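Have a look at the structure below, then the notes.
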Amino acid sequence: VQLQASGGGLVQPGGSLRLSCAASGSISSLNVMGWYRQAPGKQRELVAIMASGGSTSVADSVKGRFAISRDNAKNTVYLQMNSLKPEDTGVYFCYFKRLMLNVPEFWGQGTQVTVSS
């Protein structure tokens, strides 16, 4: 599975960005896609993930500000980020995993999001 992410950049506090990640390769129709992030000096953490059936898991720190969505026909997941804060700064990694036991996880190359005035 290959993951191609795009959409990061520099934005002022209160601004918005939209991340996209397209998956290709051996993709099962039953899968989970989403986003994790890693700030400097911190561990990678969940931002939001969404299963192909529509269920989601979203970090408390971004609830009400970020929205995850996906287009199953395009094997693409999106993260709409609004009301961005400096603490949202980090490298955002696209994530993919088939909904099966004992299968590997796949990660995108990471896209930088910087929230600064």
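Just so we're on the same page: first chain in the structure tokens is A, next is B, and so on; residues restart at 1 for each chain, and ligands are numbered from 1 in the order they show up.
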**OP:** Excluding Phe106 (chain A) and residues on its chain fewer than 6 positions from it, collect all residues at most 7 Å away from it, counting only C-alpha atoms, and give them as a list in words.
**Re:**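 What passes the distance filter is Val1, Tyr95, Phe96 and Lys97 of chain A.
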Got a sec: who's within 7 Å of region 60-71 of chain A, counting only C-alpha atoms, leaving out chain neighbours fewer than 3 positions off, as a compact mmCIF listing (two decimals) with C-alpha atoms, in the first residue's frame?
# COMPACT_ATOMS: atom_id res chain seq x y z
CA ALA A 48 -8.56 11.26 13.68
CA LYS A 74 -11.13 7.19 -4.49
CA ASN A 75 -9.49 5.51 -1.48
CA THR A 76 -8.87 8.99 -0.15
CA VAL A 77 -9.20 10.44 3.33
CA TYR A 78 -9.43 14.13 4.14
CA LEU A 79 -8.81 16.16 7.26
CA GLN A 80 -10.40 19.59 7.37
CA MET A 81 -8.65 21.60 10.06
CA ASN A 82 -10.31 24.80 11.26
CA SER A 83 -9.53 27.22 14.07
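Using only C-alpha atoms, the shortest contact distance between Gly15 (chain A) and any of A:Met33, A:Cys94, A:Leu84, A:Val47 is found at A:Leu84.
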**OP:** Within 8 Å of Leu10 (chain A), counting only C-alpha atoms, which residues show up once you throw out same-chain ones fewer than 6 positions away? Write them as a list in words, please.
**Re:**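 So, after excluding close chain neighbours, the residues are Val113, Thr114, Val115 and Ser116 of chain A.
Of the residues under consideration (A:Gly9, A:Ser55, A:Ala73, A:Gly110), A:Gly110 shows the shortest atom-to-atom contact distance to Cys21 (chain A) when counting only C-alpha atoms.
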**OP:** Just list the residues in region 17-101 of chain A DSSP gives helix (DSSP H, G or I) on the backbone, as a list in words.
**Re:**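 Here is the list: Asp60, Ser61, Val62, Asn72, Ala73, Lys74, Pro86, Glu87 and Asp88 of chain A.
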